[in-house]
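Asks: Pasting my_file10.csv here (CSV, C-alpha atoms and all ligand atoms):
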chain,number,residue,atom,x,y,z
A,114,LYS,CA,93.1,92.8,-16.8
A,115,LYS,CA,89.4,93.2,-16.3
A,116,LYS,CA,87.1,90.3,-17.1
A,117,LEU,CA,84.3,91.8,-19.3
A,118,SER,CA,80.8,90.6,-20.0
A,119,ILE,CA,80.1,90.7,-23.7
A,120,ALA,CA,76.6,90.5,-25.1
A,121,ILE,CA,76.0,89.7,-28.7
A,122,ASP,CA,72.4,89.9,-30.0
A,123,GLY,CA,70.8,89.8,-33.4
A,124,PRO,CA,68.4,88.0,-35.6
A,125,ALA,CA,68.6,84.4,-36.7
A,126,ALA,CA,71.7,83.3,-38.7
A,127,ALA,CA,73.5,86.7,-38.4
A,128,GLY,CA,76.7,85.0,-37.5
A,129,LYS,CA,76.5,85.6,-33.7
A,130,SER,CA,77.7,82.2,-32.6
A,131,THR,CA,80.6,82.0,-35.1
A,132,VAL,CA,81.9,85.4,-34.0
A,133,ALA,CA,81.2,84.8,-30.3
A,134,LYS,CA,83.2,81.6,-30.2
A,135,ILE,CA,86.2,83.2,-31.8
A,136,ILE,CA,86.1,86.2,-29.4
A,137,ALA,CA,85.7,83.9,-26.4
A,138,GLU,CA,88.7,81.9,-27.5
A,139,HIS,CA,90.9,85.0,-28.0
A,140,TYR,CA,90.3,86.2,-24.5
A,141,SER,CA,89.9,82.8,-22.8
A,142,TYR,CA,86.3,83.7,-21.8
A,143,ILE,CA,83.5,81.3,-21.6
A,144,TYR,CA,81.0,81.2,-24.5
A,145,ILE,CA,77.3,80.9,-23.7
A,146,ASP,CA,74.9,80.2,-26.5
A,147,THR,CA,71.5,81.0,-25.0
A,148,GLY,CA,69.6,80.0,-28.1
A,149,ALA,CA,70.9,76.4,-27.4
A,150,MET,CA,69.0,76.5,-24.1
A,151,TYR,CA,65.7,77.5,-25.8
A,152,ARG,CA,66.4,74.8,-28.4
A,153,ALA,CA,67.0,72.1,-25.8
A,154,LEU,CA,63.7,72.9,-24.1
A,155,THR,CA,61.9,72.8,-27.4
A,156,TYR,CA,63.4,69.5,-28.2
A,157,LYS,CA,62.2,68.0,-24.9
A,158,ALA,CA,58.8,69.6,-25.2
A,159,LEU,CA,58.4,68.1,-28.7
A,160,GLN,CA,59.5,64.8,-27.4
A,161,GLU,CA,56.8,64.9,-24.7
A,162,ASP,CA,54.3,65.8,-27.4
A,163,ILE,CA,52.8,68.7,-25.3
A,164,ASP,CA,51.1,71.7,-26.8
A,165,LEU,CA,53.9,74.3,-27.3
A,166,HIS,CA,51.4,77.1,-26.8
A,167,ASP,CA,50.6,75.9,-23.3
A,168,GLU,CA,52.8,78.0,-21.1
A,169,GLU,CA,52.2,76.0,-17.9
A,170,LYS,CA,53.1,72.7,-19.6
A,171,VAL,CA,56.2,74.1,-21.3
A,172,ALA,CA,57.4,75.7,-18.0
A,173,ASN,CA,56.8,72.4,-16.3
A,174,VAL,CA,59.1,70.6,-18.8
A,175,LEU,CA,61.8,73.2,-18.2
A,176,SER,CA,61.6,72.7,-14.4
A,177,ARG,CA,62.6,69.1,-14.9
A,178,LEU,CA,65.5,69.9,-17.2
A,179,ASN,CA,69.1,70.2,-16.3
A,180,ILE,CA,70.7,72.0,-19.2
A,181,GLU,CA,74.5,72.1,-19.4
A,182,LEU,CA,76.7,73.9,-21.9
A,183,HIS,CA,80.2,72.4,-22.1
A,184,PRO,CA,82.8,74.3,-24.1
A,185,THR,CA,85.0,72.4,-26.6
A,186,VAL,CA,87.8,73.4,-28.9
A,187,ASP,CA,85.5,74.2,-31.7
A,188,GLY,CA,82.2,75.1,-30.0
A,189,GLN,CA,80.2,73.5,-27.3
A,190,ILE,CA,78.4,70.3,-26.3
A,191,VAL,CA,74.9,70.7,-25.1
A,192,MET,CA,73.7,68.2,-22.5
A,193,VAL,CA,70.1,67.8,-21.2
A,194,ASN,CA,69.6,65.5,-18.3
A,195,ASP,CA,72.8,63.7,-19.4
A,196,GLU,CA,71.7,63.3,-23.0
A,197,ASN,CA,73.9,64.8,-25.7
A,198,VAL,CA,71.6,66.9,-27.8
A,199,THR,CA,74.2,69.0,-29.5
A,200,GLU,CA,73.2,67.9,-33.0
A,201,ILE,CA,69.5,67.2,-32.6
A,202,ILE,CA,68.6,70.7,-31.3
A,203,ARG,CA,69.7,72.1,-34.8
A,204,SER,CA,67.0,70.0,-36.6
A,205,ASN,CA,64.4,71.8,-38.7
A,206,GLU,CA,61.7,70.7,-36.4
A,207,VAL,CA,63.3,72.3,-33.4
A,208,THR,CA,64.3,75.4,-35.4
A,209,ASN,CA,60.8,76.0,-36.6
A,210,ASN,CA,59.2,75.6,-33.2
A,211,VAL,CA,61.7,77.3,-30.8
A,212,SER,CA,60.2,80.8,-31.2
A,213,ILE,CA,56.9,79.6,-29.8
A,214,VAL,CA,58.5,78.1,-26.8
A,215,ALA,CA,60.5,81.3,-26.3
A,216,MET,CA,57.4,83.5,-26.1
A,217,HIS,CA,56.3,82.3,-22.7
A,218,SER,CA,57.1,84.6,-19.8
A,219,GLN,CA,57.6,81.8,-17.3
A,220,VAL,CA,60.1,80.2,-19.6
A,221,ARG,CA,62.0,83.4,-20.2
A,222,GLU,CA,62.1,84.2,-16.4
A,223,GLU,CA,63.6,80.8,-15.7
A,224,MET,CA,66.1,81.0,-18.6
A,225,LEU,CA,67.2,84.5,-17.5
A,226,LYS,CA,68.0,83.2,-14.0
A,227,ARG,CA,70.0,80.3,-15.3
A,228,GLN,CA,71.8,82.5,-17.9
A,229,ARG,CA,72.8,85.1,-15.2
A,230,GLN,CA,74.2,82.3,-13.1
A,231,PHE,CA,76.6,81.4,-15.9
A,232,ALA,CA,77.8,85.0,-16.0
A,233,THR,CA,78.4,85.9,-12.4
A,234,GLU,CA,82.2,86.0,-12.6
A,235,GLY,CA,82.4,88.0,-15.8
A,236,GLY,CA,84.8,86.8,-18.6
A,237,VAL,CA,81.8,85.7,-20.7
A,238,VAL,CA,80.6,86.1,-24.2
A,239,MET,CA,76.9,85.4,-24.4
A,240,ASP,CA,74.8,85.4,-27.5
A,241,GLY,CA,71.1,85.5,-28.0
A,242,ARG,CA,68.2,87.9,-28.6
A,243,ASP,CA,67.8,89.7,-25.3
A,244,ILE,CA,71.2,89.6,-23.7
A,245,GLY,CA,72.1,93.3,-23.9
A,246,THR,CA,68.5,94.4,-23.1
A,247,HIS,CA,67.5,91.9,-20.3
A,248,VAL,CA,69.9,89.2,-19.3
A,249,LEU,CA,73.1,91.3,-18.9
A,250,PRO,CA,72.0,94.9,-19.0
A,251,ASP,CA,75.3,96.0,-17.4
A,252,ALA,CA,77.5,94.2,-19.9
A,253,GLU,CA,80.5,96.4,-20.7
A,254,VAL,CA,80.3,95.4,-24.4
A,255,LYS,CA,77.1,95.1,-26.3
A,256,ILE,CA,77.0,94.2,-29.9
A,257,PHE,CA,74.0,94.0,-32.2
A,258,LEU,CA,74.7,92.0,-35.4
A,259,LYS,CA,72.5,92.2,-38.4
A,260,ALA,CA,72.5,91.2,-42.1
A,261,SER,CA,70.0,91.1,-44.9
A,262,VAL,CA,67.6,88.1,-44.8
A,263,GLU,CA,69.0,87.0,-48.3
A,264,GLU,CA,72.5,87.0,-47.0
A,265,ARG,CA,71.6,85.1,-43.8
A,266,ALA,CA,69.6,82.5,-45.8
A,267,ASN,CA,72.5,82.2,-48.2
A,268,ARG,CA,75.0,81.5,-45.4
A,269,ARG,CA,72.8,78.9,-43.8
A,270,HIS,CA,72.2,77.3,-47.3
A,271,GLN,CA,75.9,77.0,-47.9
A,272,GLU,CA,76.5,75.6,-44.4
A,273,ASN,CA,73.8,73.0,-45.1
A,274,GLN,CA,75.3,72.0,-48.4
A,275,LYS,CA,78.8,71.7,-46.9
A,276,LYS,CA,77.4,69.3,-44.3
A,277,GLY,CA,75.6,67.4,-47.0
A,278,TYR,CA,72.1,68.2,-45.8
A,279,SER,CA,69.4,68.9,-48.2
A,280,SER,CA,68.6,72.6,-48.3
A,281,ASP,CA,66.1,74.9,-50.1
A,282,PHE,CA,67.1,78.5,-50.3
A,283,GLU,CA,63.6,80.0,-50.6
A,284,GLN,CA,62.3,77.9,-47.8
A,285,LEU,CA,65.2,78.9,-45.6
A,286,LYS,CA,64.6,82.6,-46.3
A,287,GLN,CA,60.9,82.1,-45.4
A,288,GLU,CA,61.8,80.3,-42.1
A,289,ILE,CA,64.3,82.9,-41.1
A,290,ALA,CA,62.0,85.8,-41.8
A,291,ASN,CA,59.3,84.0,-39.9
A,292,ARG,CA,61.5,83.4,-36.8
A,293,ASP,CA,62.6,87.1,-36.9
A,294,LYS,CA,59.1,88.2,-36.9
A,295,LEU,CA,58.0,86.1,-34.0
A,296,ASP,CA,61.2,87.0,-32.0
A,297,SER,CA,60.8,90.7,-32.7
A,298,GLU,CA,57.1,91.0,-32.1
A,299,ARG,CA,56.7,89.0,-28.9
A,300,GLU,CA,55.6,90.8,-25.8
A,301,ILE,CA,58.4,89.7,-23.4
A,302,ALA,CA,62.0,90.6,-24.1
A,303,PRO,CA,61.7,90.8,-27.9
A,304,LEU,CA,64.7,90.9,-30.2
A,305,LYS,CA,65.8,94.5,-30.1
A,306,LYS,CA,69.1,96.5,-30.2
A,307,ALA,CA,70.0,97.8,-26.7
A,308,GLU,CA,70.3,101.5,-26.7
A,309,ASP,CA,73.9,101.3,-25.7
A,310,ALA,CA,74.8,98.5,-28.2
A,311,ILE,CA,76.9,99.1,-31.3
A,312,GLU,CA,75.2,97.8,-34.4
A,313,ILE,CA,77.3,96.0,-37.1
A,314,ASP,CA,75.7,95.1,-40.4
A,315,THR,CA,77.6,92.0,-41.5
A,316,THR,CA,76.0,91.6,-44.9
A,317,ALA,CA,79.2,92.6,-46.8
A,318,LEU,CA,81.7,91.6,-44.1
A,319,SER,CA,83.7,88.5,-43.6
A,320,ILE,CA,83.8,86.7,-40.2
A,321,LEU,CA,87.2,88.1,-39.5
A,322,ASP,CA,86.2,91.7,-40.4
A,323,VAL,CA,83.4,91.4,-37.9
A,324,VAL,CA,85.7,89.9,-35.2
A,325,LYS,CA,88.2,92.7,-35.8
A,326,LYS,CA,85.6,95.4,-35.4
A,327,ILE,CA,84.3,94.0,-32.2
A,328,GLU,CA,87.8,93.4,-30.8
A,329,ASP,CA,88.8,97.0,-31.6
A,330,TYR,CA,85.9,98.0,-29.5
A,331,ILE,CA,86.7,95.6,-26.7
A,332,VAL,CA,90.3,96.8,-26.4
A,333,GLU,CA,89.1,100.3,-25.4
A,334,ARG,CA,87.2,98.8,-22.5
A,335,LEU,CA,89.8,96.4,-21.0
B,401,LIG,O1,70.3,81.7,-31.5
B,401,LIG,P1,69.4,80.6,-32.0
B,401,LIG,O2,69.0,80.9,-33.5
B,401,LIG,O3,69.9,79.3,-31.8
B,401,LIG,O4,68.1,80.8,-31.1
B,401,LIG,C1,67.0,80.0,-31.3
B,401,LIG,C2,65.7,80.7,-30.8
B,401,LIG,O5,65.7,80.8,-29.4
B,401,LIG,C3,65.5,82.1,-31.3
B,401,LIG,O6,64.9,82.2,-32.6
B,401,LIG,C4,64.6,82.7,-30.2
B,401,LIG,O7,63.2,82.3,-30.4
B,401,LIG,C5,65.1,82.0,-29.0
B,401,LIG,N1,66.0,82.8,-28.2
B,401,LIG,C6,65.5,83.8,-27.4
B,401,LIG,N2,66.3,84.5,-26.6
B,401,LIG,C7,67.6,84.3,-26.6
B,401,LIG,C8,68.2,83.3,-27.4
B,401,LIG,C9,67.3,82.6,-28.3
B,401,LIG,O8,64.3,84.0,-27.4
B,401,LIG,N3,68.4,85.0,-25.8
Transcribe the structure of this file into structure tokens.
Replies:
Amino acid sequence: KKKLSIAIDGPAAAGKSTVAKIIAEHYSYIYIDTGAMYRALTYKALQEDIDLHDEEKVANVLSRLNIELHPTVDGQIVMVNDENVTEIIRSNEVTNNVSIVAMHSQVREEMLKRQRQFATEGGVVMDGRDIGTHVLPDAEVKIFLKASVEERANRRHQENQKKGYSSDFEQLKQEIANRDKLDSEREIAPLKKAEDAIEIDTTALSILDVVKKIEDYIVERL
């Protein structure tokens, strides 16, 4: 059987990682969460207290980082220079600053190189914002997931509550809309559906509905 490359893009909190993990598991493919790489860099840049708008400084931080993604049964562990940052890169501080770090061209070039290295053998499900358009333009399967901002904020809100984190729905909605705007309007590799991607609006769909739709599409390409 062919080992496909599967690109899953879309706005914040559209369910990309949930769906990508399930699909990767079904086909024994590796799952690569590119957002985690930008988050890891943001975490370290914040820790060094540098100006996140300073491209040279942020790129310099990245040049000193070894970012590793280790798959586990229910997701992945993210390691940066041997520190386990899996949880901390999901903090509000990182989430609300990552889109600034992700605007810089030197950062994106380096990330693109690293991300392609993860995918050289195929058999990969990669999620992010620019996978179908830039990182893996030749991917056999390209999916663009979207959902209304209300629905996405609502899903994040419920997730937070389940984990026992404090959570404000209106604030989440604002933060998600803000991140979408920065990610869609940036100059380099903005969030955009690839021309040959299939778009799935997940607003009224369950996780398994979405997985089913994508796998029906994958089967035709295997
Ligand atoms: O997917 P996640 O929400 O974890 O991504 C965090 C941020 O990383 C995005 O809001 C975006 O700014 C950046 N990102 C990106 N390109 C990718 C993946 C993530 O610019 N391929």
Asks: CA of Gly241 (chain A) and CA of Asn210 (chain A), how far apart in Å?
Replies: 16.3 Å
Asks: Identify which of the residues A:Val332, A:Ala215, A:Ile180, A:Val262 lies closest to ligand LIG 401 (chain B), counting all atoms listed in the file when measuring atom-to-atom distances.
Replies: A:Ala215
Asks: Set the distance at 12 Å and use all atoms listed in the file: which residues neighbour Glu264 (chain A) once local chain neighbours fewer than 5 positions away are removed? I'd like the list as a list in words.
Replies: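 Here the qualifying residues turn out to be Ala125, Ala126, Ala127, Gly128, Lys259, Arg269, His270, Gln271, Phe282, Glu283, Leu285, Lys286, Ile289, Ala290, Asp314, Thr315, Thr316, Ala317, Leu318 and Ser319 of chain A.
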Asks: Find the distance between CA of Ile136 (chain A) and CA of Glu333 (chain A) and write it in Å to one decimal.
Replies: 15.0 Å
Asks: Could you work out how far CA of Ser297 (chain A) lies from CA of Glu312 (chain A), giving the answer in Å with one decimal?
Replies: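 Distance between the two atoms: 16.1 Å.
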Asks: Counting all atoms listed in the file, which protein, DNA or RNA residues come within 7 Å of ligand LIG 401 (chain B), given as a PDB file with C-alpha atoms, in the coordinates of the input?
Replies:
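Writing the result to out_39.pdb gives the following:
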ATOM      1  CA  ALA A 125      68.600  84.400 -36.700  1.00  0.00           C
ATOM      2  CA  ALA A 126      71.700  83.300 -38.700  1.00  0.00           C
ATOM      3  CA  ASP A 146      74.900  80.200 -26.500  1.00  0.00           C
ATOM      4  CA  THR A 147      71.500  81.000 -25.000  1.00  0.00           C
ATOM      5  CA  GLY A 148      69.600  80.000 -28.100  1.00  0.00           C
ATOM      6  CA  ALA A 149      70.900  76.400 -27.400  1.00  0.00           C
ATOM      7  CA  TYR A 151      65.700  77.500 -25.800  1.00  0.00           C
ATOM      8  CA  ARG A 152      66.400  74.800 -28.400  1.00  0.00           C
ATOM      9  CA  THR A 208      64.300  75.400 -35.400  1.00  0.00           C
ATOM     10  CA  VAL A 211      61.700  77.300 -30.800  1.00  0.00           C
ATOM     11  CA  SER A 212      60.200  80.800 -31.200  1.00  0.00           C
ATOM     12  CA  ILE A 213      56.900  79.600 -29.800  1.00  0.00           C
ATOM     13  CA  ALA A 215      60.500  81.300 -26.300  1.00  0.00           C
ATOM     14  CA  ASP A 240      74.800  85.400 -27.500  1.00  0.00           C
ATOM     15  CA  GLY A 241      71.100  85.500 -28.000  1.00  0.00           C
ATOM     16  CA  ARG A 242      68.200  87.900 -28.600  1.00  0.00           C
ATOM     17  CA  ASP A 243      67.800  89.700 -25.300  1.00  0.00           C
ATOM     18  CA  ILE A 244      71.200  89.600 -23.700  1.00  0.00           C
ATOM     19  CA  ARG A 292      61.500  83.400 -36.800  1.00  0.00           C
ATOM     20  CA  ASP A 293      62.600  87.100 -36.900  1.00  0.00           C
ATOM     21  CA  ASP A 296      61.200  87.000 -32.000  1.00  0.00           C
TER      22      ASP A 296
END
